Amino acid sequence: MSLFFSTLFIGITIVIYLLMAQFYNRFTHPLLVPIFTSSLLVVGLLLVTNTSYITYMSGAKWIDELLGPAVVALAIPLYDHRDIVKRNAPTIFFSVIVGAIVGMVSGIILGMMSQINKELIFSIAPKSVTTPIAMEISEIVGGAPALAAVYVMVAGISGAMFGPYLMRVCNIKHSISRGIGFGTASHGIGTARALEIGDVEGALSSISMTLSAVFTSFLCPIILSIFL
């Protein structure tokens, strides 16, 4: 039975994503980004069929296991464009620091303006880094790791959906700038979106994602102590 569920849910997830990718290619719109529409369809399917998340992950976990190798594979475009990274190292370093700080401060300020409790603010502060790191930071500072994971997904998906549109509005055309923006604000999901735009964007996004996680780990407790 476990083998049946494994095959079934892996197949369902892959088919849904491929269909949504084709749909997005035909009707390009920010709200139709495959990772967003696929997630909605999978959640809807689980609700309609009354299938628990645990049952779903009994098979789909093998797709989740591919996340590690996928992240490591980002080293390939990074290596291919290592000369660009070396030439622009100070700019990348400074930009990611500023972006990481803005990402944390904006979440904290919006949380304070909305008068939400401290636990939610502690959970939303590290929203722009990868899920495991955000959950760890949230737990250390007194937030809820589960909520932090939700905020991370929201930041990643919204960045993939609206990032290209916002960059067009703000007239951000340089490949390095776009790559740094995606990686710093929307971690792995944003990096995947950046790779769709170009190899340079993907390479810069991958290193920005890594640096943002490092900086956020150090700076988040300090910034929270200043505001709260």
# chains A, B, ... in the order shown; residues from 1 in each chain; ligands from 1
$ select_by_dssp --residues "range 7-147 of chain A" --states "helix (DSSP H, G or I)" --output "PyMOL selection string"
chain A and resi 7-26+30-32+34-48+53-64+67-73+75-80+82-87+89-113+118-124+131-141+145-147
$ closest_atom_pairs --of "range 33-105 of chain A" --to "range 175-190 of chain A" --cutoff "12 Å" --atoms "only C-alpha atoms" --output "CSV"
residue,atom,partner,partner_atom,distance
A:Val33,CA,A:Ile189,CA,11.1
A:Pro34,CA,A:Ile189,CA,11.2
A:Ile35,CA,A:Ile189,CA,8.5
A:Phe36,CA,A:Ile189,CA,10.5
A:Leu67,CA,A:Gly188,CA,9.4
A:Gly68,CA,A:Gly188,CA,10.9
A:Ala70,CA,A:Gly188,CA,9.7
A:Val71,CA,A:Gly188,CA,7.8
A:Val72,CA,A:Gly188,CA,11.4
A:Leu74,CA,A:Gly188,CA,9.9
A:Leu78,CA,A:Gly179,CA,11.4
A:His81,CA,A:Ile176,CA,10.9
A:Ile84,CA,A:Ile176,CA,8.7
A:Val85,CA,A:Ile176,CA,9.0
A:Arg87,CA,A:Ile176,CA,11.3
A:Asn88,CA,A:Ile176,CA,8.7
A:Ala89,CA,A:Ile176,CA,10.9
A:Thr91,CA,A:Ile176,CA,9.5
A:Ile92,CA,A:Ile180,CA,7.1
A:Phe93,CA,A:Ile180,CA,9.7
A:Phe94,CA,A:Ile180,CA,10.6
A:Ser95,CA,A:Ile180,CA,7.5
A:Val96,CA,A:Thr184,CA,6.1
A:Ile97,CA,A:Thr184,CA,8.8
A:Val98,CA,A:Thr184,CA,9.4
A:Gly99,CA,A:Thr184,CA,6.2
A:Ala100,CA,A:Thr184,CA,6.4
A:Ile101,CA,A:Thr184,CA,10.0
A:Val102,CA,A:Ala185,CA,9.4
A:Gly103,CA,A:Ala185,CA,6.8
A:Met104,CA,A:Ala185,CA,10.0
$ closest_residue --among "A:Val48, A:Ile14, A:Cys220, A:Ala155" --to "Gly143 in chain A" --atoms "only C-alpha atoms"
A:Cys220
$ closest_residue --among "A:Leu228, A:Val43, A:Asn171, A:Glu201" --to "Asn117 in chain A" --atoms "only C-alpha atoms"
A:Leu228
$ residues_around --residues "Met153 in chain A" --least-positions-apart "2" --cutoff "12 Å" --atoms "only C-alpha atoms" --output "ChimeraX atom specification"
/A:35-36,39,124,126-132,134-135,146-151,155-161,185-190
$ closest_residue --among "A:Ala75, A:Pro90, A:Ser58, A:Gly111" --to "Phe227 in chain A" --atoms "only C-alpha atoms"
A:Gly111
